[in-house]
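Next up, target22.pdb (PDB, C-alpha atoms, pLDDT in the B column):
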```
ATOM      1  CA  MET N   1      83.616  68.855   4.432  1.00 51.00           C
ATOM      2  CA  ARG N   2      85.743  71.719   3.116  1.00 52.00           C
ATOM      3  CA  ARG N   3      88.934  69.926   4.116  1.00 54.00           C
ATOM      4  CA  LEU N   4      87.721  66.751   2.427  1.00 50.00           C
ATOM      5  CA  VAL N   5      87.091  68.653  -0.808  1.00 47.00           C
ATOM      6  CA  VAL N   6      90.595  70.091  -0.663  1.00 46.00           C
ATOM      7  CA  PHE N   7      92.015  66.632  -0.063  1.00 48.00           C
ATOM      8  CA  LEU N   8      90.143  65.203  -3.061  1.00 47.00           C
ATOM      9  CA  GLY N   9      91.685  67.949  -5.142  1.00 51.00           C
ATOM     10  CA  LEU N  10      95.097  66.885  -3.936  1.00 48.00           C
ATOM     11  CA  LEU N  11      94.304  63.318  -4.958  1.00 49.00           C
ATOM     12  CA  LEU N  12      93.599  64.488  -8.482  1.00 45.00           C
ATOM     13  CA  GLY N  13      96.875  66.354  -8.438  1.00 47.00           C
ATOM     14  CA  LEU N  14      98.733  63.147  -7.610  1.00 44.00           C
ATOM     15  CA  ALA N  15      97.861  61.756 -10.995  1.00 39.00           C
ATOM     16  CA  THR N  16     100.140  64.291 -12.689  1.00 37.00           C
ATOM     17  CA  SER N  17     102.452  65.080  -9.790  1.00 40.00           C
ATOM     18  CA  ALA N  18     105.703  63.493  -8.715  1.00 38.00           C
ATOM     19  CA  GLU N  19     104.758  63.903  -5.053  1.00 49.00           C
ATOM     20  CA  ALA N  20     104.881  60.537  -3.308  1.00 75.00           C
ATOM     21  CA  LEU N  21     102.593  61.144  -0.345  1.00 87.00           C
ATOM     22  CA  VAL N  22      99.805  63.519   0.727  1.00 89.00           C
ATOM     23  CA  THR N  23      98.071  63.457   4.121  1.00 91.00           C
ATOM     24  CA  ASP N  24      95.600  65.650   5.976  1.00 91.00           C
ATOM     25  CA  LEU N  25      93.552  65.744   9.185  1.00 92.00           C
ATOM     26  CA  SER N  26      89.807  66.160   9.640  1.00 90.00           C
ATOM     27  CA  ASN N  27      90.677  69.018  12.010  1.00 89.00           C
ATOM     28  CA  ARG N  28      94.036  70.693  12.522  1.00 90.00           C
ATOM     29  CA  ARG N  29      93.000  72.745  15.557  1.00 89.00           C
ATOM     30  CA  ILE N  30      91.421  71.376  18.743  1.00 88.00           C
ATOM     31  CA  GLU N  31      89.770  73.813  21.158  1.00 84.00           C
ATOM     32  CA  ILE N  32      89.587  72.817  24.827  1.00 80.00           C
ATOM     33  CA  ARG N  33      86.566  74.191  26.663  1.00 75.00           C
ATOM     34  CA  TYR N  34      84.823  73.285  29.926  1.00 74.00           C
ATOM     35  CA  SER N  35      82.943  70.407  28.286  1.00 74.00           C
ATOM     36  CA  PHE N  36      86.011  68.912  26.583  1.00 81.00           C
ATOM     37  CA  ASN N  37      86.255  65.155  27.190  1.00 86.00           C
ATOM     38  CA  GLY N  38      88.674  64.206  24.430  1.00 86.00           C
ATOM     39  CA  ALA N  39      88.711  64.361  20.654  1.00 90.00           C
ATOM     40  CA  ASP N  40      88.788  61.883  17.795  1.00 92.00           C
ATOM     41  CA  LEU N  41      90.385  62.943  14.532  1.00 92.00           C
ATOM     42  CA  ILE N  42      90.643  61.213  11.173  1.00 93.00           C
ATOM     43  CA  LEU N  43      93.908  61.195   9.269  1.00 94.00           C
ATOM     44  CA  PHE N  44      93.554  60.318   5.597  1.00 90.00           C
ATOM     45  CA  GLY N  45      96.219  60.032   2.967  1.00 91.00           C
ATOM     46  CA  ALA N  46      97.112  58.982  -0.552  1.00 88.00           C
ATOM     47  CA  VAL N  47     100.245  57.386  -1.940  1.00 85.00           C
ATOM     48  CA  GLY N  48     101.374  58.666  -5.323  1.00 72.00           C
ATOM     49  CA  ALA N  49     104.527  57.977  -7.278  1.00 60.00           C
ATOM     50  CA  THR N  50     107.188  55.974  -5.449  1.00 55.00           C
ATOM     51  CA  SER N  51     110.118  53.924  -6.626  1.00 57.00           C
ATOM     52  CA  ILE N  52     107.908  50.832  -6.273  1.00 54.00           C
ATOM     53  CA  ASN N  53     104.500  50.742  -7.944  1.00 58.00           C
ATOM     54  CA  THR N  54     101.806  50.496  -5.251  1.00 55.00           C
ATOM     55  CA  LEU N  55      99.500  48.667  -7.639  1.00 51.00           C
ATOM     56  CA  TYR N  56     101.832  45.672  -7.830  1.00 53.00           C
ATOM     57  CA  ASP N  57     103.740  45.800  -4.580  1.00 69.00           C
ATOM     58  CA  LYS N  58     102.076  46.155  -1.180  1.00 81.00           C
ATOM     59  CA  TYR N  59     103.072  49.017   1.064  1.00 86.00           C
ATOM     60  CA  ASP N  60     102.813  49.666   4.793  1.00 91.00           C
ATOM     61  CA  VAL N  61     101.841  52.865   6.559  1.00 93.00           C
ATOM     62  CA  VAL N  62     103.239  53.996   9.907  1.00 95.00           C
ATOM     63  CA  ILE N  63     101.849  57.131  11.550  1.00 95.00           C
ATOM     64  CA  VAL N  64     103.526  58.862  14.493  1.00 96.00           C
ATOM     65  CA  VAL N  65     101.795  61.595  16.521  1.00 95.00           C
ATOM     66  CA  ARG N  66     104.028  63.510  18.897  1.00 94.00           C
ATOM     67  CA  GLY N  67     102.827  66.144  21.346  1.00 92.00           C
ATOM     68  CA  PRO N  68     104.610  69.107  22.965  1.00 93.00           C
ATOM     69  CA  GLU N  69     107.713  68.353  24.999  1.00 92.00           C
ATOM     70  CA  ALA N  70     108.052  69.385  28.628  1.00 91.00           C
ATOM     71  CA  PRO N  71     110.315  68.590  31.613  1.00 91.00           C
ATOM     72  CA  THR N  72     109.178  65.415  33.386  1.00 91.00           C
ATOM     73  CA  ILE N  73     110.357  63.830  36.635  1.00 89.00           C
ATOM     74  CA  VAL N  74     110.086  60.070  37.211  1.00 88.00           C
ATOM     75  CA  ARG N  75     110.601  58.857  40.777  1.00 84.00           C
ATOM     76  CA  HIS N  76     111.478  55.407  42.044  1.00 78.00           C
ATOM     77  CA  LYS N  77     109.760  54.359  45.270  1.00 73.00           C
ATOM     78  CA  GLU N  78     111.285  52.039  47.862  1.00 71.00           C
ATOM     79  CA  ARG N  79     109.763  50.403  50.903  1.00 67.00           C
ATOM     80  CA  VAL N  80     111.433  51.538  54.107  1.00 66.00           C
ATOM     81  CA  GLY N  81     110.111  50.212  57.405  1.00 66.00           C
ATOM     82  CA  GLY N  82     106.777  49.304  55.851  1.00 67.00           C
ATOM     83  CA  ILE N  83     106.345  52.745  54.259  1.00 69.00           C
ATOM     84  CA  TRP N  84     106.791  53.565  50.577  1.00 64.00           C
ATOM     85  CA  VAL N  85     109.035  56.601  50.131  1.00 65.00           C
ATOM     86  CA  ASN N  86     110.573  58.332  47.126  1.00 65.00           C
ATOM     87  CA  ALA N  87     114.127  57.190  46.494  1.00 70.00           C
ATOM     88  CA  ASN N  88     115.956  57.966  43.254  1.00 80.00           C
ATOM     89  CA  ALA N  89     114.511  60.378  40.706  1.00 83.00           C
ATOM     90  CA  ILE N  90     115.350  61.116  37.084  1.00 86.00           C
ATOM     91  CA  ARG N  91     114.459  64.351  35.304  1.00 88.00           C
ATOM     92  CA  PHE N  92     113.777  64.257  31.583  1.00 91.00           C
ATOM     93  CA  PRO N  93     114.282  67.830  30.285  1.00 91.00           C
ATOM     94  CA  ALA N  94     112.121  67.226  27.189  1.00 90.00           C
ATOM     95  CA  ALA N  95     109.701  64.304  27.175  1.00 92.00           C
ATOM     96  CA  PRO N  96     106.758  64.314  24.750  1.00 94.00           C
ATOM     97  CA  GLY N  97     103.454  64.976  26.492  1.00 94.00           C
ATOM     98  CA  TYR N  98     101.673  62.780  23.942  1.00 95.00           C
ATOM     99  CA  TYR N  99     103.044  60.020  21.751  1.00 95.00           C
ATOM    100  CA  ALA N 100     101.185  57.563  19.546  1.00 95.00           C
ATOM    101  CA  VAL N 101     102.237  55.087  16.871  1.00 95.00           C
ATOM    102  CA  ALA N 102      99.716  53.467  14.512  1.00 95.00           C
ATOM    103  CA  ALA N 103     100.578  51.072  11.698  1.00 94.00           C
ATOM    104  CA  SER N 104      98.905  48.995   9.026  1.00 92.00           C
ATOM    105  CA  ARG N 105     100.634  45.889  10.413  1.00 92.00           C
ATOM    106  CA  PRO N 106     102.664  45.055  13.524  1.00 92.00           C
ATOM    107  CA  LEU N 107     105.919  47.001  13.376  1.00 92.00           C
ATOM    108  CA  GLU N 108     108.077  43.873  13.488  1.00 91.00           C
ATOM    109  CA  GLU N 109     106.437  42.720  10.246  1.00 92.00           C
ATOM    110  CA  ILE N 110     107.078  46.023   8.435  1.00 93.00           C
ATOM    111  CA  ALA N 111     110.802  46.670   8.892  1.00 92.00           C
ATOM    112  CA  THR N 112     113.774  45.924  11.113  1.00 92.00           C
ATOM    113  CA  PRO N 113     114.377  47.681  14.441  1.00 91.00           C
ATOM    114  CA  VAL N 114     117.395  49.359  12.857  1.00 91.00           C
ATOM    115  CA  ALA N 115     115.188  50.934  10.184  1.00 91.00           C
ATOM    116  CA  PHE N 116     112.771  52.296  12.776  1.00 93.00           C
ATOM    117  CA  ALA N 117     115.614  53.548  14.963  1.00 91.00           C
ATOM    118  CA  SER N 118     117.048  55.595  12.093  1.00 89.00           C
ATOM    119  CA  TYR N 119     113.758  57.532  11.838  1.00 91.00           C
ATOM    120  CA  GLY N 120     112.951  57.632  15.561  1.00 89.00           C
ATOM    121  CA  ILE N 121     109.811  55.505  15.166  1.00 93.00           C
ATOM    122  CA  GLY N 122     108.650  53.855  18.374  1.00 91.00           C
ATOM    123  CA  PHE N 123     108.951  54.987  21.963  1.00 91.00           C
ATOM    124  CA  MET N 124     112.187  53.079  22.559  1.00 88.00           C
ATOM    125  CA  ASN N 125     113.745  54.984  19.648  1.00 90.00           C
ATOM    126  CA  LEU N 126     112.965  58.442  20.991  1.00 89.00           C
ATOM    127  CA  PRO N 127     116.172  60.412  21.675  1.00 87.00           C
ATOM    128  CA  LEU N 128     115.383  60.918  25.354  1.00 89.00           C
ATOM    129  CA  VAL N 129     118.079  62.246  27.663  1.00 88.00           C
ATOM    130  CA  ALA N 130     118.129  62.865  31.404  1.00 88.00           C
ATOM    131  CA  ASP N 131     119.843  65.301  33.739  1.00 85.00           C
ATOM    132  CA  SER N 132     122.999  63.716  35.077  1.00 67.00           C
ATOM    133  CA  GLY N 133     122.306  64.988  38.589  1.00 65.00           C
ATOM    134  CA  THR N 134     125.930  66.025  38.946  1.00 61.00           C
ATOM    135  CA  GLY N 135     125.672  69.368  37.196  1.00 61.00           C
ATOM    136  CA  ARG N 136     127.661  68.056  34.253  1.00 66.00           C
ATOM    137  CA  GLY N 137     124.960  68.158  31.621  1.00 73.00           C
ATOM    138  CA  LEU N 138     122.837  65.356  30.186  1.00 78.00           C
ATOM    139  CA  THR N 139     123.180  61.594  30.156  1.00 82.00           C
ATOM    140  CA  VAL N 140     121.431  58.493  28.831  1.00 84.00           C
ATOM    141  CA  PRO N 141     118.507  57.648  31.163  1.00 86.00           C
ATOM    142  CA  PRO N 142     118.522  54.250  32.912  1.00 86.00           C
ATOM    143  CA  PRO N 143     116.237  51.748  31.097  1.00 88.00           C
ATOM    144  CA  GLU N 144     114.030  51.239  34.149  1.00 89.00           C
ATOM    145  CA  PHE N 145     113.194  54.949  34.338  1.00 88.00           C
ATOM    146  CA  ARG N 146     112.529  55.112  30.600  1.00 90.00           C
ATOM    147  CA  ASP N 147     110.169  52.125  30.916  1.00 91.00           C
ATOM    148  CA  ALA N 148     108.493  53.758  33.914  1.00 90.00           C
ATOM    149  CA  LEU N 149     107.863  56.948  31.914  1.00 92.00           C
ATOM    150  CA  PHE N 150     106.186  54.954  29.149  1.00 93.00           C
ATOM    151  CA  ARG N 151     104.144  52.910  31.638  1.00 92.00           C
ATOM    152  CA  LEU N 152     102.903  55.962  33.542  1.00 92.00           C
ATOM    153  CA  ARG N 153     101.983  57.949  30.434  1.00 93.00           C
ATOM    154  CA  ALA N 154     100.354  54.890  28.840  1.00 93.00           C
ATOM    155  CA  GLY N 155      98.227  54.481  31.981  1.00 93.00           C
ATOM    156  CA  GLU N 156      97.033  58.068  31.515  1.00 93.00           C
ATOM    157  CA  GLY N 157      96.151  57.401  27.870  1.00 92.00           C
ATOM    158  CA  LEU N 158      98.883  59.757  26.644  1.00 94.00           C
ATOM    159  CA  TYR N 159     101.166  57.125  25.109  1.00 94.00           C
ATOM    160  CA  ARG N 160      99.558  54.785  22.577  1.00 93.00           C
ATOM    161  CA  GLN N 161     102.013  52.543  20.792  1.00 90.00           C
ATOM    162  CA  GLU N 162     100.409  50.165  18.276  1.00 84.00           C
ATOM    163  CA  ILE N 163      97.006  50.468  19.945  1.00 87.00           C
ATOM    164  CA  ASP N 164      95.468  52.107  16.884  1.00 86.00           C
ATOM    165  CA  SER N 165      95.715  50.653  13.375  1.00 89.00           C
ATOM    166  CA  VAL N 166      95.899  52.144   9.893  1.00 92.00           C
ATOM    167  CA  SER N 167      93.294  50.951   7.368  1.00 91.00           C
ATOM    168  CA  VAL N 168      94.261  50.728   3.719  1.00 87.00           C
ATOM    169  CA  VAL N 169      90.979  51.752   2.090  1.00 82.00           C
ATOM    170  CA  ASP N 170      91.950  51.223  -1.552  1.00 73.00           C
ATOM    171  CA  GLU N 171      94.992  51.169  -3.799  1.00 71.00           C
ATOM    172  CA  GLY N 172      96.992  54.170  -2.668  1.00 79.00           C
ATOM    173  CA  LEU N 173      94.440  55.358  -0.072  1.00 87.00           C
ATOM    174  CA  PHE N 174      94.573  54.917   3.712  1.00 92.00           C
ATOM    175  CA  ARG N 175      93.114  56.343   6.923  1.00 92.00           C
ATOM    176  CA  THR N 176      93.374  56.055  10.692  1.00 93.00           C
ATOM    177  CA  ASP N 177      91.698  57.492  13.789  1.00 93.00           C
ATOM    178  CA  ILE N 178      93.685  59.624  16.228  1.00 92.00           C
ATOM    179  CA  HIS N 179      92.339  59.727  19.788  1.00 93.00           C
ATOM    180  CA  LEU N 180      93.249  62.607  22.087  1.00 92.00           C
ATOM    181  CA  PRO N 181      92.204  62.060  25.740  1.00 92.00           C
ATOM    182  CA  ALA N 182      90.658  64.717  27.959  1.00 90.00           C
ATOM    183  CA  ASN N 183      94.012  65.281  29.705  1.00 91.00           C
ATOM    184  CA  VAL N 184      95.904  65.933  26.465  1.00 92.00           C
ATOM    185  CA  PRO N 185      98.513  68.701  26.874  1.00 91.00           C
ATOM    186  CA  ILE N 186      98.080  71.926  24.974  1.00 90.00           C
ATOM    187  CA  GLY N 187     100.573  73.029  22.348  1.00 91.00           C
ATOM    188  CA  ASN N 188     101.807  72.075  18.900  1.00 94.00           C
ATOM    189  CA  PHE N 189     101.684  68.459  17.739  1.00 95.00           C
ATOM    190  CA  ILE N 190     103.510  66.826  14.835  1.00 94.00           C
ATOM    191  CA  VAL N 191     101.713  64.157  12.805  1.00 95.00           C
ATOM    192  CA  GLU N 192     104.168  62.284  10.589  1.00 95.00           C
ATOM    193  CA  THR N 193     103.328  59.554   8.091  1.00 95.00           C
ATOM    194  CA  PHE N 194     105.856  57.050   6.735  1.00 94.00           C
ATOM    195  CA  ILE N 195     105.431  54.705   3.770  1.00 92.00           C
ATOM    196  CA  PHE N 196     107.440  51.469   3.896  1.00 92.00           C
ATOM    197  CA  GLN N 197     107.863  48.912   1.124  1.00 87.00           C
ATOM    198  CA  ARG N 198     109.970  45.766   1.421  1.00 87.00           C
ATOM    199  CA  GLY N 199     111.328  47.039   4.725  1.00 89.00           C
ATOM    200  CA  SER N 200     112.567  50.351   3.305  1.00 89.00           C
ATOM    201  CA  MET N 201     111.156  53.830   3.903  1.00 90.00           C
ATOM    202  CA  LYS N 202     109.929  55.230   0.582  1.00 88.00           C
ATOM    203  CA  ALA N 203     108.096  58.428   1.511  1.00 89.00           C
ATOM    204  CA  ARG N 204     107.213  60.599   4.492  1.00 91.00           C
ATOM    205  CA  HIS N 205     104.942  63.562   5.103  1.00 93.00           C
ATOM    206  CA  ARG N 206     104.486  65.846   8.095  1.00 93.00           C
ATOM    207  CA  ILE N 207     101.570  68.043   9.127  1.00 94.00           C
ATOM    208  CA  ASN N 208     100.947  70.125  12.257  1.00 94.00           C
ATOM    209  CA  LEU N 209      98.130  69.905  14.792  1.00 94.00           C
ATOM    210  CA  HIS N 210      97.436  72.571  17.419  1.00 93.00           C
ATOM    211  CA  VAL N 211      95.647  72.015  20.730  1.00 91.00           C
ATOM    212  CA  ASP N 212      94.756  75.059  22.808  1.00 85.00           C
ATOM    213  CA  LYS N 213      92.339  76.284  25.449  1.00 74.00           C
ATOM    214  CA  GLU N 214      89.541  78.648  24.436  1.00 63.00           C
ATOM    215  CA  GLY N 215      86.961  80.838  26.182  1.00 55.00           C
ATOM    216  CA  PHE N 216      87.024  81.012  29.984  1.00 52.00           C
ATOM    217  CA  GLU N 217      89.517  78.137  30.176  1.00 55.00           C
ATOM    218  CA  ARG N 218      91.957  80.108  28.034  1.00 54.00           C
ATOM    219  CA  ALA N 219      91.532  83.243  30.151  1.00 54.00           C
ATOM    220  CA  ALA N 220      92.066  81.300  33.398  1.00 58.00           C
ATOM    221  CA  TYR N 221      95.114  79.501  31.973  1.00 55.00           C
ATOM    222  CA  THR N 222      96.708  82.747  30.795  1.00 59.00           C
ATOM    223  CA  PHE N 223      95.949  84.467  34.120  1.00 51.00           C
ATOM    224  CA  ALA N 224      97.477  81.582  36.112  1.00 59.00           C
ATOM    225  CA  HIS N 225     100.681  81.474  34.059  1.00 59.00           C
ATOM    226  CA  GLU N 226     101.293  85.184  33.527  1.00 62.00           C
ATOM    227  CA  TRP N 227     100.238  86.415  36.990  1.00 61.00           C
ATOM    228  CA  PRO N 228     100.654  83.405  39.318  1.00 69.00           C
ATOM    229  CA  PHE N 229     100.681  85.455  42.529  1.00 66.00           C
ATOM    230  CA  LEU N 230      97.426  87.239  41.722  1.00 65.00           C
ATOM    231  CA  TYR N 231      95.902  83.963  40.549  1.00 60.00           C
ATOM    232  CA  GLY N 232      96.774  82.316  43.876  1.00 70.00           C
ATOM    233  CA  LEU N 233      95.369  85.290  45.798  1.00 70.00           C
ATOM    234  CA  VAL N 234      92.102  85.175  43.843  1.00 64.00           C
ATOM    235  CA  ALA N 235      91.868  81.401  44.388  1.00 69.00           C
ATOM    236  CA  VAL N 236      92.230  81.885  48.165  1.00 71.00           C
ATOM    237  CA  LEU N 237      89.598  84.644  48.205  1.00 74.00           C
ATOM    238  CA  VAL N 238      87.174  82.520  46.199  1.00 71.00           C
ATOM    239  CA  ALA N 239      87.699  79.606  48.603  1.00 73.00           C
ATOM    240  CA  LEU N 240      87.100  81.853  51.634  1.00 72.00           C
ATOM    241  CA  CYS N 241      83.944  83.303  50.096  1.00 74.00           C
ATOM    242  CA  ALA N 242      82.673  79.838  49.224  1.00 70.00           C
ATOM    243  CA  GLY N 243      83.316  78.648  52.777  1.00 71.00           C
ATOM    244  CA  TRP N 244      81.571  81.692  54.267  1.00 68.00           C
ATOM    245  CA  LEU N 245      78.568  81.254  51.972  1.00 69.00           C
ATOM    246  CA  ALA N 246      78.320  77.550  52.835  1.00 70.00           C
ATOM    247  CA  GLY N 247      78.359  78.456  56.547  1.00 68.00           C
ATOM    248  CA  VAL N 248      75.602  81.035  56.096  1.00 64.00           C
ATOM    249  CA  LEU N 249      73.407  78.630  54.143  1.00 67.00           C
ATOM    250  CA  GLY N 250      74.091  75.890  56.697  1.00 65.00           C
ATOM    251  CA  ARG N 251      72.793  78.034  59.577  1.00 67.00           C
ATOM    252  CA  LYS N 252      69.586  78.623  57.680  1.00 60.00           C
TER
END
```

Starting from the file, give its structure as structure tokens.
Amino acid sequence: MRRLVVFLGLLLGLATSAEALVTDLSNRRIEIRYSFNGADLILFGAVGATSINTLYDKYDVVIVVRGPEAPTIVRHKERVGGIWVNANAIRFPAAPGYYAVAASRPLEEIATPVAFASYGIGFMNLPLVADSGTGRGLTVPPPEFRDALFRLRAGEGLYRQEIDSVSVVDEGLFRTDIHLPANVPIGNFIVETFIFQRGSMKARHRINLHVDKEGFERAAYTFAHEWPFLYGLVAVLVALCAGWLAGVLGRK
């Protein structure tokens, strides 16, 4: 409610401001606890002064949500003697852990592929690179491995291109729902909104979203990453104790 009040104040400010676009989230911080099974956020925004009057010329909204980047390996399997084995592998040094694109209309109806490529909108326009495998730096990843990355992450619910839509509520107002699955990576997210009119980008606005573990989950995560040896030792001891206790209870 507090964030909504602040946003309404920003709307009033648009009437006398030259700012073209204002957006906000229903929650800018997501806490992951033991009962976390995903989160649904609302992004709402308002279009102010642009070079084309929104009252007389329709506009389109494109929203891109990009999660923290991390090294990712994609492997190609081949069938050898009736057994599937790993063959070639490509390592992406920095692939987004979460990526979603929502729009008020299908992207092909909003602007040309060249326009989207210039702003990195759409998975195929992400500047992904791969390790060359020869020790000579980075190279352009083969298309089949890039497609495989998108397919695998989409199957996990982490890549959502044009699955969600943006609703234009009223003249100059819009909203959309952002779904984060239970397996969403932790870290800093970027939520960027673009306004297109007649195929041209007229305004953009960026806000940050943070996803992090809290409570016992946070303590366990920190322990595992800062003291991995001790964490492994404790995990083994807990497993041994659990096995011993199960044996004792089984004899009774």

**Message:** What would the selection look like, as a ChimeraX atom specification, if the PyMOL selection byres ((chain N and resi 35-41) around 10) were run on the coordinates I just shared?
**Reply:** /N:25-28,30-34,42-44,176-184,213

Can you tell me, as a CSV table (one decimal) with C-alpha atoms, keeping the file's coordinate frame, which residues sit within 8 Å of (103.2, 66.5, 23.8) in the file's frame, using all atoms listed in the file?
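Generated file (point17.csv):
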```
chain,number,residue,atom,x,y,z
N,66,ARG,CA,104.0,63.5,18.9
N,67,GLY,CA,102.8,66.1,21.3
N,68,PRO,CA,104.6,69.1,23.0
N,69,GLU,CA,107.7,68.4,25.0
N,70,ALA,CA,108.1,69.4,28.6
N,95,ALA,CA,109.7,64.3,27.2
N,96,PRO,CA,106.8,64.3,24.8
N,97,GLY,CA,103.5,65.0,26.5
N,98,TYR,CA,101.7,62.8,23.9
N,99,TYR,CA,103.0,60.0,21.8
N,184,VAL,CA,95.9,65.9,26.5
N,185,PRO,CA,98.5,68.7,26.9
N,186,ILE,CA,98.1,71.9,25.0
N,187,GLY,CA,100.6,73.0,22.3
N,188,ASN,CA,101.8,72.1,18.9
N,189,PHE,CA,101.7,68.5,17.7
```

**Asked** Between atom CA of Val74 of chain N and atom CA of Phe150 of chain N, what is the spacing in Å?
**Response**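 Computing the Euclidean distance for atom CA of Phe150 of chain N and atom CA of Val74 of chain N yields 10.3 Å.
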
**Pick from N:Ala103, N:Ala246, N:Val169, N:Ile190, whichever lies nearest to Ile63 of chain N using only C-alpha atoms** =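 So, comparing all the options, the nearest one is N:Ala103.
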
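If you measure from each of N:Val61, N:Asn125, N:Glu78, N:Gly157 to Pro113 of chain N using only C-alpha atoms, the closest one turns out to be N:Asn125.
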
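Residues matching the PyMOL selection byres ((chain N and resi 22) around 7) in this structure come to Leu21, Thr23, Gly45, Ala46, Val47 and His205 of chain N.
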
**Message:** Could you tell me how far atom CA of Val65 of chain N sits from atom CA of Ile90 of chain N, in Å to one decimal place?
**Reply:**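 Interatomic distance, atom CA of Ile90 of chain N to atom CA of Val65 of chain N: 24.6 Å.
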
**Request:** For atom CA of Ser167 of chain N and atom CA of Met124 of chain N, determine how far apart the two atoms are, in Å to one decimal place.
**Result:**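 Atom CA of Ser167 of chain N sits 24.3 Å away from atom CA of Met124 of chain N.
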
**Item:** Nearest to Asp164 of chain N, chosen from N:Gly137, N:Pro106, N:Gly199, N:Pro143, with all atoms listed in the file counted in the distances
**Value:** N:Pro106

**Request:** Write out as a list in words each polymer residue whose atoms come within 10 Å of Pro127 of chain N, counting only C-alpha atoms; drop sequence neighbours fewer than 6 positions from it.
**Result:** Ala94, Ala95, Ala117, Gly120 and Val140 of chain N
